[in-house]
$ cat query14.cif   # mmCIF, C-alpha atoms
data_run
loop_
_atom_site.group_PDB
_atom_site.id
_atom_site.type_symbol
_atom_site.label_atom_id
_atom_site.label_comp_id
_atom_site.auth_asym_id
_atom_site.auth_seq_id
_atom_site.Cartn_x
_atom_site.Cartn_y
_atom_site.Cartn_z
ATOM 1 C CA MET R 77 0.000 0.000 0.000
ATOM 2 C CA ALA R 78 0.971 3.614 -0.531
ATOM 3 C CA THR R 79 -0.182 6.766 1.207
ATOM 4 C CA ARG R 80 -1.866 9.678 -0.526
ATOM 5 C CA ILE R 81 -0.918 12.993 1.076
ATOM 6 C CA SER R 82 -3.175 15.905 0.249
ATOM 7 C CA VAL R 83 -2.909 19.570 1.137
ATOM 8 C CA SER R 84 -6.090 21.596 0.890
ATOM 9 C CA VAL R 85 -5.815 25.381 0.904
ATOM 10 C CA LYS R 86 -8.911 27.548 0.999
ATOM 11 C CA GLY R 87 -8.937 31.321 1.165
ATOM 12 C CA MET R 88 -7.467 34.386 -0.482
ATOM 13 C CA ILE R 89 -4.436 33.306 -2.511
ATOM 14 C CA GLY R 90 -2.526 34.749 -5.432
ATOM 15 C CA LEU R 91 -2.532 33.266 -8.903
ATOM 16 C CA ASP R 92 1.019 31.912 -8.550
ATOM 17 C CA ASP R 93 0.653 30.677 -4.950
ATOM 18 C CA PRO R 94 -0.364 27.074 -5.841
ATOM 19 C CA ASP R 95 2.656 26.734 -8.145
ATOM 20 C CA ARG R 96 4.980 28.154 -5.488
ATOM 21 C CA MET R 97 3.614 25.760 -2.861
ATOM 22 C CA LEU R 98 3.993 22.817 -5.284
ATOM 23 C CA ALA R 99 7.640 23.721 -5.812
ATOM 24 C CA GLU R 100 8.258 24.066 -2.068
ATOM 25 C CA LEU R 101 6.543 20.739 -1.297
ATOM 26 C CA GLU R 102 8.523 18.941 -3.999
ATOM 27 C CA ALA R 103 11.803 20.441 -2.794
ATOM 28 C CA GLU R 104 11.115 19.537 0.850
ATOM 29 C CA THR R 105 9.724 16.010 0.351
ATOM 30 C CA GLY R 106 11.279 14.762 -2.888
ATOM 31 C CA LEU R 107 7.804 13.637 -4.002
ATOM 32 C CA THR R 108 6.027 14.595 -7.214
ATOM 33 C CA TRP R 109 3.017 16.770 -6.394
ATOM 34 C CA HIS R 110 0.116 17.739 -8.639
ATOM 35 C CA PRO R 111 -3.009 19.869 -8.283
ATOM 36 C CA GLU R 112 -6.410 18.189 -8.241
ATOM 37 C CA PRO R 113 -9.512 19.864 -9.589
ATOM 38 C CA VAL R 114 -11.903 21.397 -7.095
ATOM 39 C CA ASP R 115 -15.612 21.846 -7.782
ATOM 40 C CA GLU R 116 -15.356 25.656 -7.696
ATOM 41 C CA GLY R 117 -12.416 25.638 -10.124
ATOM 42 C CA ARG R 118 -9.718 28.294 -10.112
ATOM 43 C CA VAL R 119 -11.048 31.803 -9.655
ATOM 44 C CA LEU R 120 -9.204 34.593 -11.417
ATOM 45 C CA SER R 121 -11.051 37.415 -9.640
ATOM 46 C CA GLY R 122 -8.987 37.217 -6.449
ATOM 47 C CA GLY R 123 -11.917 35.792 -4.500
ATOM 48 C CA VAL R 124 -11.839 32.831 -2.148
ATOM 49 C CA VAL R 125 -10.207 29.874 -3.872
ATOM 50 C CA GLU R 126 -9.741 26.253 -2.869
ATOM 51 C CA VAL R 127 -6.700 24.354 -4.135
ATOM 52 C CA ILE R 128 -5.857 20.720 -3.426
ATOM 53 C CA LEU R 129 -2.287 19.501 -3.942
ATOM 54 C CA VAL R 130 -1.615 15.769 -3.861
ATOM 55 C CA ALA R 131 1.343 13.387 -3.749
ATOM 56 C CA VAL R 132 1.596 9.628 -3.258
ATOM 57 C CA ALA R 133 4.287 8.288 -0.936
ATOM 58 C CA VAL R 134 5.254 4.654 -1.353
ATOM 59 C CA LYS R 135 6.864 2.576 1.384
ATOM 60 C CA ALA R 136 10.169 2.475 -0.500
ATOM 61 C CA ALA R 137 10.469 6.268 -0.358
ATOM 62 C CA GLU R 138 13.646 7.708 1.117
ATOM 63 C CA MET R 139 11.815 9.477 3.937
ATOM 64 C CA THR R 140 9.519 7.681 6.340
ATOM 65 C CA LEU R 141 5.849 8.548 6.022
ATOM 66 C CA GLU R 142 5.857 10.334 9.378
ATOM 67 C CA ALA R 143 8.875 12.447 8.409
ATOM 68 C CA THR R 144 7.289 13.236 5.039
ATOM 69 C CA VAL R 145 4.006 14.369 6.604
ATOM 70 C CA ASP R 146 5.926 16.463 9.158
ATOM 71 C CA ALA R 147 7.864 18.114 6.303
ATOM 72 C CA VAL R 148 4.600 18.849 4.468
ATOM 73 C CA LYS R 149 3.122 20.434 7.606
ATOM 74 C CA ARG R 150 6.242 22.616 8.033
ATOM 75 C CA VAL R 151 5.987 23.853 4.436
ATOM 76 C CA VAL R 152 2.273 24.608 4.817
ATOM 77 C CA GLU R 153 2.745 26.487 8.102
ATOM 78 C CA ARG R 154 5.693 28.471 6.743
ATOM 79 C CA TRP R 155 3.670 29.300 3.636
ATOM 80 C CA ARG R 156 0.688 30.438 5.747
ATOM 81 C CA ARG R 157 2.895 32.634 8.003
ATOM 82 C CA GLU R 158 4.089 34.564 4.944
ATOM 83 C CA ARG R 159 0.571 35.874 4.264
ATOM 84 C CA LEU R 160 -1.223 38.792 5.889
ATOM 85 C CA GLU R 161 -4.486 36.847 5.813
ATOM 86 C CA PRO R 162 -3.411 33.184 5.983
ATOM 87 C CA PRO R 163 -5.808 30.866 4.157
ATOM 88 C CA GLU R 164 -7.170 27.754 5.831
ATOM 89 C CA ALA R 165 -4.943 24.755 5.165
ATOM 90 C CA THR R 166 -5.238 21.083 6.048
ATOM 91 C CA VAL R 167 -2.937 18.115 5.507
ATOM 92 C CA ASP R 168 -4.607 14.703 5.165
ATOM 93 C CA THR R 169 -3.323 11.189 4.539
ATOM 94 C CA GLU R 170 -5.130 8.189 3.088
ATOM 95 C CA ALA R 171 -3.983 4.644 2.295
ATOM 96 C CA VAL R 172 -4.235 3.855 -1.435
ATOM 97 C CA PRO R 173 -3.092 0.999 -3.668
ATOM 98 C CA ASP R 174 0.609 1.228 -4.519
ATOM 99 C CA PRO R 175 0.771 2.594 -8.098
ATOM 100 C CA GLU R 176 4.155 0.931 -8.668
ATOM 101 C CA ARG R 177 3.004 -2.527 -7.664
ATOM 102 C CA GLY R 178 -0.588 -2.333 -8.882
ATOM 103 C CA ASP R 179 -2.028 -3.304 -5.451
#
$ encode --input "query14.cif" --output "structure tokens"
Amino acid sequence: MATRISVSVKGMIGLDDPDRMLAELEAETGLTWHPEPVDEGRVLSGGVVEVILVAVAVKAAEMTLEATVDAVKRVVERWRRERLEPPEATVDTEAVPDPERGD
């Protein structure tokens, strides 16, 4: 089994913020992250936006799952502290079939 790590950000964010957070998460964890569509879609008006970023950690990863999730939480908190009005952010994990083994 693998673990799906998802970061959900909801609130006032800039147009380039999701890309910046993706880059920071990839640099910190060594995982490949991608955005997932959200029902509201991306809003270009500067209104409240929800963005979900996802990565899948497999057991053979260089970092343990706990260390990876801790690194993700550090990136998210650092990212939130840099904003005058920090958006809501959550980090969730979920067991999923291992994409490399086809579980």
$ axis_aligned_box --input "query14.cif" --around "stretch 145-155 of chain R" --padding-each-side "3 Å" --output "lines of an AutoDock Vina configuration file"
center_x = 5.1
center_y = 21.8
center_z = 6.4
size_x = 11.6
size_y = 20.9
size_z = 11.5
$ closest_residue --input "query14.cif" --among "R:Val127, R:Met77, R:Leu101, R:Val172" --to "R:Val151" --atoms "only C-alpha atoms"
R:Leu101
$ residues_near_point --input "query14.cif" --point "(-7.2, 7.1, -4.0)" --cutoff "12 Å" --atoms "all atoms listed in the file" --output "tab-separated table (two decimals) with C-alpha atoms, in the frame of the given file"
chain	number	residue	atom	x	y	z
R	77	MET	CA	0.00	0.00	0.00
R	78	ALA	CA	0.97	3.61	-0.53
R	79	THR	CA	-0.18	6.77	1.21
R	80	ARG	CA	-1.87	9.68	-0.53
R	81	ILE	CA	-0.92	12.99	1.08
R	82	SER	CA	-3.18	15.90	0.25
R	112	GLU	CA	-6.41	18.19	-8.24
R	130	VAL	CA	-1.62	15.77	-3.86
R	131	ALA	CA	1.34	13.39	-3.75
R	132	VAL	CA	1.60	9.63	-3.26
R	133	ALA	CA	4.29	8.29	-0.94
R	169	THR	CA	-3.32	11.19	4.54
R	170	GLU	CA	-5.13	8.19	3.09
R	171	ALA	CA	-3.98	4.64	2.30
R	172	VAL	CA	-4.24	3.86	-1.44
R	173	PRO	CA	-3.09	1.00	-3.67
R	174	ASP	CA	0.61	1.23	-4.52
R	175	PRO	CA	0.77	2.59	-8.10
R	179	ASP	CA	-2.03	-3.30	-5.45
$ atom_distance --input "query14.cif" --atom1 "atom CA of R:Leu141" --atom2 "atom CA of R:Glu102"
14.7 Å
$ resolve_selection --input "query14.cif" --expression "the PyMOL selection byres ((chain R and resi 110) around 6)" --output "PyMOL selection string"
chain R and resi 109+111+129-130
$ resolve_selection --input "query14.cif" --expression "the PyMOL selection byres ((chain R and resi 97) around 10)" --output "PyMOL selection string"
chain R and resi 83+92-96+98-103+109+129+151-152+155
$ residues_around --input "query14.cif" --residues "stretch 158-165 of chain R" --least-positions-apart "6" --cutoff "9 Å" --atoms "only C-alpha atoms" --output "PyMOL selection string"
chain R and resi 83-89+124+152
$ closest_residue --input "query14.cif" --among "R:Asp168, R:Val114, R:Thr108, R:Leu91" --to "R:Val134" --atoms "only C-alpha atoms"
R:Thr108
$ atom_distance --input "query14.cif" --atom1 "atom CA of R:Val148" --atom2 "atom CA of R:Val167"
7.6 Å
$ atom_distance --input "query14.cif" --atom1 "atom CA of R:Ala143" --atom2 "atom CA of R:Pro113"
26.8 Å
$ decode --input "query14.cif" --residues "stretch 86-120 of chain R" --atoms "N, CA and C atoms" --output "short mmCIF file (atom, residue, chain, number, x, y, z; two decimals), in the first residue's frame"
data_model
loop_
_atom_site.label_atom_id
_atom_site.label_comp_id
_atom_site.auth_asym_id
_atom_site.auth_seq_id
_atom_site.Cartn_x
_atom_site.Cartn_y
_atom_site.Cartn_z
N LYS R 86 -7.69 26.83 1.35
CA LYS R 86 -8.91 27.55 1.00
C LYS R 86 -8.84 28.94 1.58
N GLY R 87 -8.97 29.94 0.71
CA GLY R 87 -8.94 31.32 1.16
C GLY R 87 -8.40 32.22 0.08
N MET R 88 -8.00 33.41 0.47
CA MET R 88 -7.47 34.39 -0.48
C MET R 88 -6.03 34.00 -0.82
N ILE R 89 -5.79 33.64 -2.07
CA ILE R 89 -4.44 33.31 -2.51
C ILE R 89 -4.18 33.95 -3.87
N GLY R 90 -2.92 34.16 -4.15
CA GLY R 90 -2.53 34.75 -5.43
C GLY R 90 -2.53 33.71 -6.54
N LEU R 91 -2.50 34.18 -7.76
CA LEU R 91 -2.53 33.27 -8.90
C LEU R 91 -1.34 32.32 -8.95
N ASP R 92 -0.16 32.77 -8.50
CA ASP R 92 1.02 31.91 -8.55
C ASP R 92 1.26 31.13 -7.26
N ASP R 93 0.44 31.36 -6.23
CA ASP R 93 0.65 30.68 -4.95
C ASP R 93 0.60 29.15 -5.05
N PRO R 94 -0.37 28.54 -5.76
CA PRO R 94 -0.36 27.07 -5.84
C PRO R 94 0.92 26.53 -6.47
N ASP R 95 1.42 27.19 -7.50
CA ASP R 95 2.66 26.73 -8.15
C ASP R 95 3.85 26.87 -7.21
N ARG R 96 3.89 27.97 -6.45
CA ARG R 96 4.98 28.15 -5.49
C ARG R 96 4.93 27.08 -4.40
N MET R 97 3.72 26.78 -3.90
CA MET R 97 3.61 25.76 -2.86
C MET R 97 3.99 24.40 -3.42
N LEU R 98 3.59 24.09 -4.66
CA LEU R 98 3.99 22.82 -5.28
C LEU R 98 5.51 22.69 -5.31
N ALA R 99 6.18 23.75 -5.73
CA ALA R 99 7.64 23.72 -5.81
C ALA R 99 8.26 23.52 -4.43
N GLU R 100 7.73 24.20 -3.42
CA GLU R 100 8.26 24.07 -2.07
C GLU R 100 8.02 22.65 -1.53
N LEU R 101 6.84 22.10 -1.76
CA LEU R 101 6.54 20.74 -1.30
C LEU R 101 7.45 19.72 -1.98
N GLU R 102 7.65 19.87 -3.28
CA GLU R 102 8.52 18.94 -4.00
C GLU R 102 9.96 19.03 -3.51
N ALA R 103 10.43 20.26 -3.27
CA ALA R 103 11.80 20.44 -2.79
C ALA R 103 11.99 19.84 -1.40
N GLU R 104 11.01 20.00 -0.54
CA GLU R 104 11.12 19.54 0.85
C GLU R 104 10.93 18.03 0.99
N THR R 105 10.05 17.43 0.17
CA THR R 105 9.72 16.01 0.35
C THR R 105 10.35 15.09 -0.67
N GLY R 106 10.77 15.62 -1.83
CA GLY R 106 11.28 14.76 -2.89
C GLY R 106 10.19 14.00 -3.62
N LEU R 107 8.93 14.29 -3.33
CA LEU R 107 7.80 13.64 -4.00
C LEU R 107 7.32 14.50 -5.17
N THR R 108 6.64 13.87 -6.11
CA THR R 108 6.03 14.60 -7.21
C THR R 108 4.61 14.97 -6.80
N TRP R 109 4.33 16.26 -6.79
CA TRP R 109 3.02 16.77 -6.39
C TRP R 109 2.27 17.25 -7.63
N HIS R 110 0.94 17.21 -7.56
CA HIS R 110 0.12 17.74 -8.64
C HIS R 110 -1.17 18.32 -8.06
N PRO R 111 -1.73 19.32 -8.74
CA PRO R 111 -3.01 19.87 -8.28
C PRO R 111 -4.15 18.95 -8.70
N GLU R 112 -5.20 18.92 -7.89
CA GLU R 112 -6.41 18.19 -8.24
C GLU R 112 -7.52 19.19 -8.44
N PRO R 113 -8.42 18.92 -9.37
CA PRO R 113 -9.51 19.86 -9.59
C PRO R 113 -10.43 19.96 -8.38
N VAL R 114 -10.96 21.13 -8.18
CA VAL R 114 -11.90 21.40 -7.09
C VAL R 114 -13.19 21.86 -7.76
N ASP R 115 -14.32 21.53 -7.18
CA ASP R 115 -15.61 21.85 -7.78
C ASP R 115 -15.74 23.31 -8.20
N GLU R 116 -15.24 24.24 -7.37
CA GLU R 116 -15.36 25.66 -7.70
C GLU R 116 -14.41 26.06 -8.83
N GLY R 117 -13.39 25.29 -9.10
CA GLY R 117 -12.42 25.64 -10.12
C GLY R 117 -11.54 26.79 -9.65
N ARG R 118 -10.60 27.18 -10.47
CA ARG R 118 -9.72 28.29 -10.11
C ARG R 118 -10.43 29.60 -10.42
N VAL R 119 -10.38 30.52 -9.49
CA VAL R 119 -11.05 31.80 -9.65
C VAL R 119 -10.00 32.86 -9.95
N LEU R 120 -10.18 33.59 -11.03
CA LEU R 120 -9.20 34.59 -11.42
C LEU R 120 -9.51 35.96 -10.84
#
